[in-house]
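Enquirer: Sharing a structure here in structure tokens format.
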Amino acid sequence: MKKASSIVIAAALITACMTAVALNVFFETGTSMLFLYIPGSLMYALLEYFSQATAISRLDYHQSGEGGIAFLITVLTAALLTERPLLIFIFIFLAMMFHNTIMEKILYRDNRDRFIYGTLINIVVIIITAYLVNTGTRGPEKHIHTALTGYLHTSDHSITHVIIYCLVIFIFSVLFFLLKPELKAFSLGKEHCLGAGINYRAMSCLIPVLYNLIFSLVFMTMGFMGGTALYFFQSQLRSGRMLSAMVMTVLYSQLLLLVLHFSGTNITVLISLCMSYTFTIILAARRRYVPV
Amino acid sequence: MIEILHCTYPQNNPVLKDISLTINTGEIAGIIGKPGVGKSMLLKTLSGMNQRSGPGSGSVAIHNKKINAFGRKELARTISYYNGRKPDNMDESLFDFLMLSRISHKNFFRAFSEYDLQVVEQNIGYFDLTDLQKKRLGELSDIQMKKAMLAVSFIRTPKILLMDNPTAGLDIGTIHTLSREITRSVAEGDTTAVIVTHDLNFIAQIADRIIIIEGGEIAEDGTVDLLNAETIRKYYSVEVFVSRNVYNGRPNIHLFPNN
């Protein structure tokens with residue numbers, strides 16, 4: 001009975017998702033964005049799955065401040081250094097490695113401190129963005145919209161790139177699925193890793209690299225158009241509805257794309273941020289946690 | 001068999017001073033002594049953690065194989081070390097947490113076997129955790145969490161069971177379960193148990209051998225009969241009355257009333 005209801009929910013969500021994609025095609029919301037957002041949001045779902053399993057981050061990238069930092073890096077790199085997506089991706093990755101290592105040392109894994117810090121970062125980012133837009137600083141301003149909605153879609157990419165992207169997602173998914181127990185054992189701490197015969201030192205080097213790599217890919221593809229996967233995963237995974245959580249993440253990004261078409265970047269990003277914070281507050285109120 | 005030869009640790013300002021000790025297979029050894037004399041350090045040395053983490057001298061061997069020669073997985077399958085430390089991630093469900101204790105018995109990219117599941121379920125029953133399986137670790141009480149961590153020690157089905165203060169903060173029912181499980185795993189699985197404890201009555205009921213540590217050295221090594229009024233006065237500076245358990249003849253230690 002439970003399985004049947006899971007399938008019905010997944011089928012309904014997939015139908016909704018396909019309708020959203022069809023509407024985006026109908027309204028011509030931008031083929032490049034439309035097709036990048038599907039693998040992008042799947043990658044984002046994977047990021048959430050990974051951070052849940054390893055407990056490396058318990059906040060979405062909107063709330064942890066990672067999104068804000070990545071946004072600033074994207075805009076500054078594109079304005080001052082280069083507009084090549086690959087180099088911007090590398091800069092985001094390096095900046096996130098540095099940022100998250102420092103944050104790990106200063107704030108440890110304290111959710112509340114990170115939430116406050118992330119919110120402050122977002123406020124700073126909003127002020128800087130408003131200043132750049134209002135003063136008409138053309139250099140950075142022209143990159144702001146693309147950075148907010150995902151820088152990757154500005155590049156000339158063929159269907160081959162999307163296929164490669166999907167292949168990377170597939171490889172990561174299989175790898176994470178098969179290594180789930182090892183990833184979870186890492187989250188328990190050093191002594192539990194020793195008891196499991198896992199090299200904790202190697203894992204604690206590898207896991208942040210993987211996390212920041214996936215996050216950089218997600219940000220390059222979607223910018224601020226995510227931020228709710230944490231909620232979807234936590235509300236669905238307890239009942240074992242992994243597929244539903246993934247489809248919800250894709251559906252959400254497609255809906256935001258529709259909003260983007262009608263309301264413009266600033267409104268859409270604002271909606272995205274508000275939704276993300278609302279979902280996080282609901283989660284915190286419910287105190288729900290998920291065994292992945 | 002587990003053997004320590006001339007172990008000094010750490011090299012500078014040692015807590016353990018040139019300790020040599022052999023514990024035979026199937027033996028339950030209790031290590032006792034005042035706080036800070038090096039009991040836990042000795043247990044850590046036996047677990048191989050000291051050898052891997054810092055300079056010291058001497059060697060530890062399990063069944064005549066030096067501990068440094070063990071691979072990570074092999075060592076994790078051989079030794080289970082309990083020190084009551086909670087996991088970092090308390091969001092895990094109890095069942096998943098217990099299941100993860102079987103990782104050392106599976107290879108990378110492989111799923112847990114039916115046997116793994118059976119061992120976990122068996123220990124869930126032994127430690128009366130059935131109703132708590134789906135709860136998050138963070139939702140468990142202190143005693144429930146301790147029971148879960150003790151269950152982990154047995155789920156690992158080790159050849160050598162090392163426990164540091166396993167009865168601390170436990171209720172009498174769980175202490176009973178613990179002593180039953182230690183004796184069961186030693187009797188059924190060729191396990192060797194080394195238990196550091198301050199609970200003299202607990203160790204008196206299950207140990208085959210008592211080792212008293214004083215100032216980083218082995219002060220006494222003998223049977224449970226070492227737990228007599230004179231020895232306890234000597235090493236703990238306290239007057240006690242020792243009776244005999246009517247069922248097994250082992251020592252029962254009683255404090256005199258203060259007045």
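Within each chain, counting starts at residue 1; across the structure tokens, chains are named A, B, ... in the order shown, with ligands numbered 1 upward in that order.
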Report as a PyMOL selection string all protein, DNA and RNA residues lying within 7 Å of A:Val218, evaluated on only C-alpha atoms, omitting residues in the same chain fewer than 5 positions from it.
Expert: chain A and resi 40+43-44
Enquirer: Please identify all polymer residues within 6 Å of stretch 117-119 of chain A, counting only C-alpha atoms, omitting same-chain residues fewer than 5 positions from it, and present them as an MDAnalysis selection string.
Expert: chainID A and resid 63:65
Enquirer: Please dump the current selection as a CSV table (one decimal), in the first residue's frame; keep C-alpha atoms.
Expert:
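Output (out-v7.csv):
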```csv
chain,number,residue,atom,x,y,z
A,63,GLN,CA,21.4,29.7,4.3
A,64,SER,CA,25.1,28.7,4.7
A,65,GLY,CA,26.4,31.7,2.9
```
Enquirer: Please provide the set of residues having any atom within 12 Å of A:Leu167, restricted to only C-alpha atoms, with same-chain residues fewer than 5 positions apart removed, written as a PyMOL selection string.
Expert: chain A and resi 39+42-43+160-162+172-174
Enquirer: List every residue of chain B that has an atom at most 8 Å from any atom of chain A, and for each one report the closest atom pair and its distance in Å to one decimal, counting only C-alpha atoms, with rows sorted by chain and then by increasing residue number, as a tab-separated table.
Expert:
```
residue	atom	partner	partner_atom	distance
B:Arg72	CA	A:Gly197	CA	4.6
B:Lys73	CA	A:Gly197	CA	4.2
B:Glu74	CA	A:Gly197	CA	7.4
B:Leu75	CA	A:Gly197	CA	7.1
B:Ala76	CA	A:Gly197	CA	5.0
B:Arg77	CA	A:Gly197	CA	7.7
B:Ile79	CA	A:Gly195	CA	7.9
B:Ser80	CA	A:Gly195	CA	6.7
B:Tyr81	CA	A:Gly195	CA	7.4
B:Pro87	CA	A:Leu188	CA	4.7
B:Asp88	CA	A:Leu188	CA	4.9
B:Asn89	CA	A:Leu188	CA	4.9
B:Met90	CA	A:Leu188	CA	7.8
B:Asp91	CA	A:Tyr289	CA	6.2
B:Glu92	CA	A:Pro291	CA	5.3
B:Ser93	CA	A:Pro291	CA	5.8
B:Asp96	CA	A:Pro291	CA	7.6
B:Leu100	CA	A:Ala185	CA	6.3
B:Ser101	CA	A:Ala196	CA	6.4
B:Arg102	CA	A:Ala196	CA	7.3
B:Ile103	CA	A:Ala196	CA	5.4
B:Ser104	CA	A:Ala196	CA	4.7
B:Phe108	CA	A:Leu179	CA	6.9
B:Phe109	CA	A:Leu178	CA	4.9
B:Arg110	CA	A:Leu178	CA	7.1
B:Ala111	CA	A:Leu178	CA	7.8
B:Arg136	CA	A:Tyr289	CA	7.9
```
Enquirer: Within 12 Å of B:Asp18, counting only C-alpha atoms, which residues show up once you throw out same-chain ones fewer than 6 positions away? Write them as a PDB file with C-alpha atoms, in the first residue's frame, please.
Expert:
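For reference, around-v4.pdb as written:
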```
ATOM      1  CA  ILE B   4      52.280  -6.114  24.895  1.00  0.00           C
ATOM      2  CA  LEU B   5      56.050  -6.012  25.134  1.00  0.00           C
ATOM      3  CA  HIS B   6      57.970  -3.240  26.937  1.00  0.00           C
ATOM      4  CA  CYS B   7      55.466  -0.568  26.097  1.00  0.00           C
ATOM      5  CA  THR B   8      56.227   2.989  27.104  1.00  0.00           C
ATOM      6  CA  TYR B   9      53.800   5.686  26.005  1.00  0.00           C
ATOM      7  CA  PRO B  10      54.092   8.520  25.239  1.00  0.00           C
ATOM      8  CA  GLN B  11      57.830   8.707  24.740  1.00  0.00           C
ATOM      9  CA  GLY B  38      47.268   4.747  32.930  1.00  0.00           C
ATOM     10  CA  LEU B  42      46.927   0.789  28.349  1.00  0.00           C
ATOM     11  CA  GLY B  56      56.143   5.506  21.892  1.00  0.00           C
ATOM     12  CA  SER B  57      58.217   2.403  22.344  1.00  0.00           C
ATOM     13  CA  GLY B  58      57.480  -1.293  22.600  1.00  0.00           C
ATOM     14  CA  SER B  59      55.167  -3.457  20.575  1.00  0.00           C
ATOM     15  CA  GLY B 215      51.828   4.717  38.457  1.00  0.00           C
ATOM     16  CA  GLY B 216      51.842   3.458  34.863  1.00  0.00           C
ATOM     17  CA  GLU B 217      53.072   0.005  35.816  1.00  0.00           C
ATOM     18  CA  ILE B 218      51.458  -3.351  36.554  1.00  0.00           C
TER      19      ILE B 218
END
```
Enquirer: Would you write out, as a tab-separated table, a table of all residues in stretch 93-161 of chain A that have an atom no more than 10 Å from an atom of stretch 67-80 of chain A, listing for each the closest atom pair and the distance in Å to one decimal, considering only C-alpha atoms and ordering rows by chain and rising residue number?
Expert:
```
residue	atom	partner	partner_atom	distance
A:Phe93	CA	A:Ala70	CA	8.6
A:Ala95	CA	A:Ile73	CA	7.6
A:Met96	CA	A:Ala70	CA	7.3
A:His99	CA	A:Ile69	CA	8.4
A:Gly118	CA	A:Gly68	CA	7.8
A:Thr119	CA	A:Gly68	CA	9.1
A:Leu120	CA	A:Gly68	CA	9.6
A:Ile121	CA	A:Gly68	CA	6.1
A:Asn122	CA	A:Gly68	CA	5.5
A:Ile123	CA	A:Gly68	CA	8.9
A:Val124	CA	A:Gly68	CA	8.4
A:Val125	CA	A:Gly68	CA	6.0
A:Ile126	CA	A:Gly68	CA	8.8
A:Ile128	CA	A:Leu72	CA	9.0
A:Thr129	CA	A:Leu72	CA	9.0
A:Arg138	CA	A:Ala79	CA	9.3
A:Gly139	CA	A:Ala79	CA	5.6
A:Pro140	CA	A:Ala79	CA	5.2
A:Glu141	CA	A:Val75	CA	8.2
A:Lys142	CA	A:Ala79	CA	8.7
A:His143	CA	A:Val75	CA	5.7
A:Ile144	CA	A:Val75	CA	6.1
A:His145	CA	A:Val75	CA	9.4
A:Thr146	CA	A:Val75	CA	8.8
A:Ala147	CA	A:Phe71	CA	6.1
A:Leu148	CA	A:Phe71	CA	6.9
A:Thr149	CA	A:Phe71	CA	10.0
A:Gly150	CA	A:Phe71	CA	9.4
A:Tyr151	CA	A:Thr74	CA	7.9
```
Enquirer: Give me, please, the distance in Å between atom CA of A:Cys205 and atom CA of B:Ser153, quoted to one decimal.
Expert: 27.5 Å
Enquirer: Applying 9 Å and only C-alpha atoms, which residues near B:Gln205 remain after dropping the ones on its own chain fewer than 5 positions away? List them as a list in words.
Expert: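 After dropping sequence-adjacent residues, the list is Ser179, Leu200, Val224, Asn245, Asn248, Arg250, Pro251 and Asn252 of chain B.
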Enquirer: Write a file of the just-selected residues containing N, CA and C atoms, as a PDB file, in the first residue's frame.
Expert:
```pdb
ATOM      1  N   SER B 179      27.123  -7.867  31.281  1.00  0.00           N
ATOM      2  CA  SER B 179      27.951  -8.961  31.797  1.00  0.00           C
ATOM      3  C   SER B 179      27.578 -10.279  31.116  1.00  0.00           C
ATOM      4  N   LEU B 200      34.136  -2.338  40.736  1.00  0.00           N
ATOM      5  CA  LEU B 200      34.812  -3.555  41.198  1.00  0.00           C
ATOM      6  C   LEU B 200      33.849  -4.734  41.329  1.00  0.00           C
ATOM      7  N   VAL B 224      40.509 -13.225  40.498  1.00  0.00           N
ATOM      8  CA  VAL B 224      39.573 -12.278  41.134  1.00  0.00           C
ATOM      9  C   VAL B 224      39.767 -12.211  42.649  1.00  0.00           C
ATOM     10  N   ASN B 245      29.814 -14.006  46.890  1.00  0.00           N
ATOM     11  CA  ASN B 245      28.537 -14.190  46.218  1.00  0.00           C
ATOM     12  C   ASN B 245      28.081 -15.636  46.452  1.00  0.00           C
ATOM     13  N   ASN B 248      28.166 -17.877  43.058  1.00  0.00           N
ATOM     14  CA  ASN B 248      29.379 -18.264  42.327  1.00  0.00           C
ATOM     15  C   ASN B 248      30.658 -18.155  43.163  1.00  0.00           C
ATOM     16  N   ARG B 250      32.253 -15.651  44.090  1.00  0.00           N
ATOM     17  CA  ARG B 250      33.145 -14.528  43.748  1.00  0.00           C
ATOM     18  C   ARG B 250      33.005 -13.388  44.771  1.00  0.00           C
ATOM     19  N   PRO B 251      34.015 -12.509  44.818  1.00  0.00           N
ATOM     20  CA  PRO B 251      33.975 -11.443  45.835  1.00  0.00           C
ATOM     21  C   PRO B 251      32.848 -10.434  45.600  1.00  0.00           C
ATOM     22  N   ASN B 252      32.265  -9.956  46.675  1.00  0.00           N
ATOM     23  CA  ASN B 252      31.305  -8.847  46.658  1.00  0.00           C
ATOM     24  C   ASN B 252      31.871  -7.784  47.581  1.00  0.00           C
TER      25      ASN B 252
END
```
Enquirer: What are the DSSP strand (DSSP E or B) residues of stretch 38-242 of chain B, as an MDAnalysis selection string?
Expert: chainID B and resid 57:62 65:66 79:82 93 136 160:164 192:196 209:214 217:222 240:242
Enquirer: Could you give me, as a PyMOL selection string, the residues within 12 Å of B:His176, counting only C-alpha atoms and dropping anything in the same chain fewer than 5 positions from it?
Expert: chain B and resi 126-127+147+166-167+170-171+181-183+201-203+205-206
Enquirer: Please write the residues from the selection above to a file, keeping C-alpha atoms, as a short mmCIF file (atom, residue, chain, number, x, y, z; two decimals), in the first residue's frame.
Expert:
```cif
data_model
loop_
_atom_site.label_atom_id
_atom_site.label_comp_id
_atom_site.auth_asym_id
_atom_site.auth_seq_id
_atom_site.Cartn_x
_atom_site.Cartn_y
_atom_site.Cartn_z
CA TYR B 126 19.76 -8.45 23.58
CA PHE B 127 20.06 -4.78 24.49
CA LYS B 147 23.15 0.74 25.33
CA PRO B 166 31.47 0.22 30.18
CA THR B 167 29.22 0.36 33.25
CA LEU B 170 24.22 2.35 33.39
CA ASP B 171 21.18 0.96 35.16
CA GLU B 181 26.91 -10.58 26.65
CA ILE B 182 30.59 -10.36 27.57
CA THR B 183 30.60 -13.87 29.02
CA ASN B 201 31.66 -5.56 41.88
CA PHE B 202 30.88 -5.80 38.16
CA ILE B 203 34.36 -6.99 37.22
CA GLN B 205 31.52 -11.26 38.80
CA ILE B 206 32.86 -11.83 35.30
#
```
Enquirer: Which residues, written as a list of chain:residue names, have at least one atom at most 10 Å from B:Thr223, with only C-alpha atoms counted and residues fewer than 2 positions away on the same chain left out?
Expert: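 So, after excluding close chain neighbours, the residues are B:Ala29, B:Gly30, B:Ala204, B:Ala207, B:Asp208, B:Arg209, B:Ile210, B:Ile211, B:Glu220, B:Asp221, B:Asp225, B:Leu226, B:Leu227.
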Enquirer: As an exercise, work out the distance from atom CA of A:Met246 to atom CA of A:Met222 in Å and give it to one decimal place.
Expert: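 Between atom CA of A:Met246 and atom CA of A:Met222 the gap is 15.3 Å.
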Enquirer: For atom CA of A:Glu83 and atom CA of A:Ala229, quote the distance in Å rounded to one decimal.
Expert: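 Answer for the atom CA of A:Glu83 to atom CA of A:Ala229 separation: 28.9 Å.
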Enquirer: Which of these residues is nearest to B:Asn123, using only C-alpha atoms: B:Val238, B:Val152, B:Ile67, B:Ile23?
Expert: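 Smallest distance to B:Asn123 is found for B:Val152.
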Enquirer: Could you pull out the helix (DSSP H, G or I) residues of stretch 36-251 of chain B, going by DSSP on the backbone, and write them as a PyMOL selection string?
Expert: chain B and resi 39-47+49-53+67-69+72-78+94-100+103-105+114-126+130-132+137-139+142-155+172-189+200-206+224-226+229-236
